[in-house]
2 protein chains.
Amino acid sequence: MNGRILRLVKSGLERRALDSGEIDAVLDPATRTAHLLPDAQRALMLAGAQPANSLLAALPRQDYERMRAELEPVNLVYGEVLNEPGERVRHVYFPGDAHVSLLVVLDGSNALEVGLVGREGMVGMSLALGVEDSEVRAVVQGGGTALRMKASPFREELARCVALQRELNRYAYAKLAQARQTAACNRFHSVEARLARWLLMTRDRVRADYFHLTHEFLADMLGVRRAGVSNAAANLQRTGLISYRRGHINILDRKGLAEASCPCYEIVRKLAR
Amino acid sequence: MNGRILRLVKSGLERRALDSGEIDAVLDPATRTAHLLPDAQRALMLAGAQPANSLLAALPRQDYERMRAELEPVNLVYGEVLNEPGERVRHVYFPGDAHVSLLVVLDGSNALEVGLVGREGMVGMSLALGVEDSEVRAVVQGGGTALRMKASPFREELARCVALQRELNRYAYAKLAQARQTAACNRFHSVEARLARWLLMTRDRVRADYFHLTHEFLADMLGVRRAGVSNAAANLQRTGLISYRRGHINILDRKGLAEASCPCYEIVRKLAR
DNA sequence: CCTCTTATGTGCGGTCTCGAACAGAACGCA
DNA sequence: TGCGTTCTGTTCGAGACCGCACATAAGAGG
C-alpha cells in the first residue's frame, strides 16, 4: 500500500477512459478543476424536468428552479480528486452518473474507503453540516456527469431552503450509519466478503454489471494488500460469480455475489434509501 | 465474544456502583427508564447558570431557558441501554458527567464501539438529523448525570431554534468524522494501540485517571477477544503506563499512553472540539 | 511484430488475532 | 471464615493477512 491513489490521476486508466469516449477532455490535476461541459450538453442537462441526482430531485420544483442558476454541470474523470483532507471545501457535487469514493488517509501510505457517493448523494457533506473543511479524500471512482455548486452560494441556499436542509440532514445520517457499519464490517468480515460487497455497491451506482477497476485500486478501497484482492477475486471468479481481466470486472451472478458478501451490503443499502 | 454487552445490565459492576454510592438507585432494565433524581438535586442541576453539557452551554441564554421546561435531569447507570438498533428514539440525552458508548451490533455476538459521547455531545443524533430510528446501541459506560428530553418536544425545539440546529449539525459532523477515523483505525492499528487510545478517550470524558471497567467490556468496545485485551493491558502495565486490578484501571503516565496509542487519538480529539 | 508498461498470479516466512479451554486470583456475600 | 462468582493469566493450534519479491501475461504504442 504505497499511496497508489495519488498515482491514479494521470494513470493509464484515465487515458483509457479518454480513448473510449467516456469523457471528452482531461482536467488539470494540479488545480483539480473539473472539466466544463460544452454549452449544448450543459443546456440539455439543466433543461431536464428532473435532475438525475436524487437529492435534487426530491426538492420542491420551486426550490430546484432557484438553485439552477448556481448549479454547474461538470464531467468528472476517473481518478480525479475533488477534495483533500484538511482542505477547505470549494464545491459540493451532486453526481449524476458519476460516483465518488470517500477515503480516510492514515499515514500517506494507508487508505481506506469510508463512503461511496453516487446519484443518491452529495460530495461535500461537511459544508451541509456547517463545517468548512473536509476530513476525507474524495476520489472519482466512476467517471460521468455531476452538478456542482460553489461553497458560498450553497451556504446561502442552505440557509434559505428548509427542504434542502431536511434532505441533506437525512442523507448525512445515512452516511453516518454507513460509516459506522463499515467500521464494524472492516473489523469482522473477510476480504472476500468485503470485496463482494464493494462490487455490489459499485454495481448499484454504475447501474451496470460491467465496470473498470484494478485489483490495486480495490486494495486501497478495502485497506488490504493488492495480493489479497487478487486472491479473493480469483475465488469469486472460480465460483463463477464474476469474471475479470486487466482492469475490467464483470458481475456474472448478482444473487450469488450477494450471498458471498456480508450482510452489511443489505444493511447499508437500506440505509441509503 | 458472546453478547456480553447484553449481560452488563444487572452485572456485578452495577451493584458495585450502587454500593460505592455513585448512584442512589437502579433503573428497571426491562423498560430502560432512567432513574429520576430527587427534587432537591433536580432543582440544583437546573438552577446552575451554565449547564454541564457543552452543546447546551453553547446555546444563547434565551434558547436554553426555554428548553429547560422540557429538560429532565436523570442519573445514568453503568450498563444501562439507552437505545437499541432499529428502535424508535424516545429521548435524547445530554450527558453531564455520564458518558455513553455507541455500538454497532453485527450478528448478536459481535459488537464494536463506533462512538463515545460525553459532556461534549448528545445521544440520539438520528433525531437531530430527522430520522426516527436509531441504528446503534447506546450503552452507558460511565454512570453519572445527564439531561434528557422527549422526542417530540425536542423536534419542536429543533424546528424553532437555529442555534440548536447549528450546534447539532456541527456535532453530527464531528461524529461522522470520528466514525470514519475509527473505521480506518480498527483496520490498521494494533489492539494495544487502540486500547491505549480508548483509555485516553475515556479519561477525557471521566476527567479522572481512575475508572472502572473490565477487560471483557473493553473487548466488546474494541471488537476483539477478551484474552487479546488482557495481553495488551498487561503490556501497558509492564511498561508502567497503567495499572489495573479486577475491573479498575488507573492511568499512571498519560503522556506515555498517548505515545503508545495511535495518532487517531489526537485526530479524533481535535474533531470533537 | 516487438517493446515497454501495467496488471495479475504466486510463493515465502512472519505476525497478529482467532476460538476454545483451563487455572488461579480477587472479591462479594453469607 | 469460607464459598461461589467474577475477573484475569495463559496456553494451544489454526487461520488470515502481512510485507516482500518475482514470474507471467495482457495490452498500448511504436
# chains A, B, ... in the order shown; residues from 1 in each chain; ligands from 1
call {"tool": "interface_residues", "arguments": {"of": "chain A", "to": "chain D", "cutoff": "9 Å", "atoms": "only C-alpha atoms (C1' of nucleotides)", "output": "PyMOL selection string"}}
result
chain A and resi 190+224-225+228+245-246
call {"tool": "write_last_selection", "arguments": {"atoms": "N, CA and C atoms", "output": "compact mmCIF listing (two decimals), in the first residue's frame"}}
result
# COMPACT_ATOMS: atom_id res chain seq x y z
N SER A 190 -14.30 -11.03 6.21
CA SER A 190 -13.14 -11.41 5.41
C SER A 190 -12.98 -10.50 4.19
N VAL A 224 -6.42 -3.38 2.10
CA VAL A 224 -5.64 -4.62 2.17
C VAL A 224 -4.57 -4.61 1.07
N ARG A 225 -3.75 -5.68 1.05
CA ARG A 225 -2.73 -5.79 0.01
C ARG A 225 -3.36 -6.05 -1.34
N GLY A 228 -3.93 -9.64 -1.75
CA GLY A 228 -5.12 -10.13 -1.06
C GLY A 228 -6.35 -10.01 -1.93
N ARG A 245 -10.58 -9.22 -16.24
CA ARG A 245 -9.26 -9.24 -16.86
C ARG A 245 -8.73 -7.82 -17.01
N ARG A 246 -7.55 -7.64 -16.48
CA ARG A 246 -6.80 -6.38 -16.64
C ARG A 246 -7.67 -5.13 -16.49
call {"tool": "interface_residues", "arguments": {"of": "chain C", "to": "chain A", "cutoff": "12 Å", "atoms": "only C-alpha atoms (C1' of nucleotides)", "output": "PyMOL selection string"}}
result
chain C and resi 5-11+17-18
call {"tool": "interface_residues", "arguments": {"of": "chain B", "to": "chain A", "cutoff": "7 Å", "atoms": "only C-alpha atoms", "output": "PyMOL selection string"}}
result
chain B and resi 104+112+114+126+129-131+135+169-170+173+176-177+179-184+186-187
call {"tool": "write_last_selection", "arguments": {"atoms": "N, CA and C atoms", "output": "mmCIF file, in the first residue's frame"}}
result
data_model
loop_
_atom_site.group_PDB
_atom_site.id
_atom_site.type_symbol
_atom_site.label_atom_id
_atom_site.label_comp_id
_atom_site.auth_asym_id
_atom_site.auth_seq_id
_atom_site.Cartn_x
_atom_site.Cartn_y
_atom_site.Cartn_z
ATOM 1 N N VAL B 104 -22.115 -0.700 17.222
ATOM 2 C CA VAL B 104 -22.755 -1.410 16.127
ATOM 3 C C VAL B 104 -22.763 -2.884 16.495
ATOM 4 N N LEU B 112 -19.020 -3.619 18.288
ATOM 5 C CA LEU B 112 -17.873 -2.735 18.117
ATOM 6 C C LEU B 112 -18.303 -1.312 18.430
ATOM 7 N N VAL B 114 -18.416 2.505 17.979
ATOM 8 C CA VAL B 114 -18.211 3.406 16.845
ATOM 9 C C VAL B 114 -18.378 4.861 17.272
ATOM 10 N N SER B 126 -29.722 10.650 15.565
ATOM 11 C CA SER B 126 -30.606 10.399 14.443
ATOM 12 C C SER B 126 -31.762 11.395 14.460
ATOM 13 N N LEU B 129 -31.073 14.700 13.052
ATOM 14 C CA LEU B 129 -30.944 14.730 11.597
ATOM 15 C C LEU B 129 -32.242 14.291 10.916
ATOM 16 N N GLY B 130 -33.291 14.217 11.698
ATOM 17 C CA GLY B 130 -34.592 13.968 11.087
ATOM 18 C C GLY B 130 -34.918 12.512 10.846
ATOM 19 N N VAL B 131 -34.232 11.607 11.550
ATOM 20 C CA VAL B 131 -34.509 10.180 11.390
ATOM 21 C C VAL B 131 -35.057 9.639 12.707
ATOM 22 N N GLU B 135 -29.724 3.434 14.795
ATOM 23 C CA GLU B 135 -29.143 2.213 14.225
ATOM 24 C C GLU B 135 -27.997 1.711 15.078
ATOM 25 N N ASN B 169 -25.653 20.214 14.148
ATOM 26 C CA ASN B 169 -25.083 19.854 12.856
ATOM 27 C C ASN B 169 -23.567 19.735 12.929
ATOM 28 N N ARG B 170 -22.967 20.674 13.593
ATOM 29 C CA ARG B 170 -21.514 20.598 13.736
ATOM 30 C C ARG B 170 -21.115 19.357 14.516
ATOM 31 N N TYR B 173 -21.319 16.333 12.391
ATOM 32 C CA TYR B 173 -20.172 16.171 11.505
ATOM 33 C C TYR B 173 -18.973 15.615 12.252
ATOM 34 N N LEU B 176 -19.489 12.011 12.524
ATOM 35 C CA LEU B 176 -19.247 11.355 11.244
ATOM 36 C C LEU B 176 -17.749 11.151 11.038
ATOM 37 N N ALA B 177 -17.014 12.210 11.267
ATOM 38 C CA ALA B 177 -15.569 12.127 11.093
ATOM 39 C C ALA B 177 -14.963 11.118 12.067
ATOM 40 N N ALA B 179 -16.422 8.469 13.354
ATOM 41 C CA ALA B 179 -16.744 7.112 12.927
ATOM 42 C C ALA B 179 -15.835 6.681 11.786
ATOM 43 N N ARG B 180 -15.573 7.593 10.874
ATOM 44 C CA ARG B 180 -14.726 7.273 9.732
ATOM 45 C C ARG B 180 -13.296 7.001 10.184
ATOM 46 N N GLN B 181 -12.809 7.837 11.062
ATOM 47 C CA GLN B 181 -11.459 7.636 11.565
ATOM 48 C C GLN B 181 -11.364 6.308 12.302
ATOM 49 N N THR B 182 -12.388 6.014 13.075
ATOM 50 C CA THR B 182 -12.411 4.751 13.812
ATOM 51 C C THR B 182 -12.398 3.565 12.867
ATOM 52 N N ALA B 183 -13.097 3.701 11.748
ATOM 53 C CA ALA B 183 -13.116 2.614 10.772
ATOM 54 C C ALA B 183 -11.699 2.305 10.306
ATOM 55 N N ALA B 184 -10.975 3.361 9.965
ATOM 56 C CA ALA B 184 -9.609 3.168 9.488
ATOM 57 C C ALA B 184 -8.723 2.643 10.615
ATOM 58 N N ASN B 186 -9.526 0.842 13.232
ATOM 59 C CA ASN B 186 -9.787 -0.571 13.508
ATOM 60 C C ASN B 186 -9.173 -1.467 12.452
ATOM 61 N N ARG B 187 -9.003 -0.918 11.274
ATOM 62 C CA ARG B 187 -8.465 -1.731 10.196
ATOM 63 C C ARG B 187 -6.942 -1.862 10.299
#
call {"tool": "select_by_dssp", "arguments": {"residues": "segment 121-218 of chain A", "states": "alpha helix (DSSP H)", "output": "PyMOL selection string"}}
result
chain A and resi 125-128+151-160+162-188+191-206+215-218
call {"tool": "write_last_selection", "arguments": {"atoms": "C-alpha atoms", "output": "short mmCIF file (atom, residue, chain, number, x, y, z; two decimals), in the first residue's frame"}}
result
data_model
loop_
_atom_site.label_atom_id
_atom_site.label_comp_id
_atom_site.auth_asym_id
_atom_site.auth_seq_id
_atom_site.Cartn_x
_atom_site.Cartn_y
_atom_site.Cartn_z
CA MET A 125 -21.21 16.89 3.42
CA SER A 126 -19.10 18.89 5.81
CA LEU A 127 -20.46 22.10 4.28
CA ALA A 128 -24.02 20.91 4.69
CA ALA A 151 -19.42 26.85 -1.46
CA SER A 152 -20.83 30.29 -0.74
CA PRO A 153 -23.99 30.14 -2.88
CA PHE A 154 -24.54 26.66 -1.48
CA ARG A 155 -24.42 28.02 2.05
CA GLU A 156 -26.86 30.74 1.15
CA GLU A 157 -29.23 28.32 -0.47
CA LEU A 158 -28.99 26.02 2.52
CA ALA A 159 -29.82 28.82 4.92
CA ARG A 160 -32.88 29.69 2.87
CA VAL A 162 -35.74 24.14 4.57
CA ALA A 163 -36.42 21.30 2.15
CA LEU A 164 -32.75 21.19 1.24
CA GLN A 165 -31.80 21.14 4.90
CA ARG A 166 -34.10 18.26 5.53
CA GLU A 167 -32.88 16.21 2.59
CA LEU A 168 -29.24 16.77 3.43
CA ASN A 169 -29.71 16.03 7.11
CA ARG A 170 -31.31 12.72 6.34
CA TYR A 171 -28.58 11.93 3.90
CA ALA A 172 -25.96 12.90 6.47
CA TYR A 173 -27.46 10.42 8.86
CA ALA A 174 -27.36 7.71 6.23
CA LYS A 175 -23.70 8.49 5.71
CA LEU A 176 -23.05 8.33 9.42
CA ALA A 177 -24.75 4.98 9.69
CA GLN A 178 -22.87 3.75 6.64
CA ALA A 179 -19.53 4.75 8.09
CA ARG A 180 -20.33 3.01 11.34
CA GLN A 181 -21.44 -0.16 9.65
CA THR A 182 -18.31 -0.08 7.52
CA ALA A 183 -16.20 0.23 10.64
CA ALA A 184 -17.68 -2.94 12.05
CA CYS A 185 -17.53 -4.68 8.69
CA ASN A 186 -13.85 -3.95 8.24
CA ARG A 187 -13.21 -5.33 11.67
CA PHE A 188 -15.05 -8.62 11.40
CA VAL A 191 -11.53 -9.74 2.44
CA GLU A 192 -13.57 -11.88 0.08
CA ALA A 193 -16.89 -10.93 1.63
CA ARG A 194 -15.95 -7.28 1.72
CA LEU A 195 -14.83 -7.41 -1.89
CA ALA A 196 -18.16 -8.90 -2.90
CA ARG A 197 -19.95 -6.16 -1.00
CA TRP A 198 -17.89 -3.49 -2.62
CA LEU A 199 -18.54 -4.78 -6.12
CA LEU A 200 -22.26 -4.84 -5.44
CA MET A 201 -22.25 -1.30 -4.11
CA THR A 202 -20.43 -0.15 -7.20
CA ARG A 203 -22.85 -2.03 -9.39
CA ASP A 204 -25.71 -0.14 -7.80
CA ARG A 205 -24.06 3.19 -8.54
CA VAL A 206 -22.98 2.37 -12.08
CA HIS A 215 -7.03 -5.01 -8.05
CA GLU A 216 -4.69 -2.31 -6.91
CA PHE A 217 -7.47 0.24 -6.74
CA LEU A 218 -9.65 -2.24 -4.88
#
call {"tool": "select_by_dssp", "arguments": {"residues": "segment 115-144 of chain B", "states": "strand (DSSP E or B)", "output": "PyMOL selection string"}}
result
chain B and resi 115-117+123+133+137-142+144
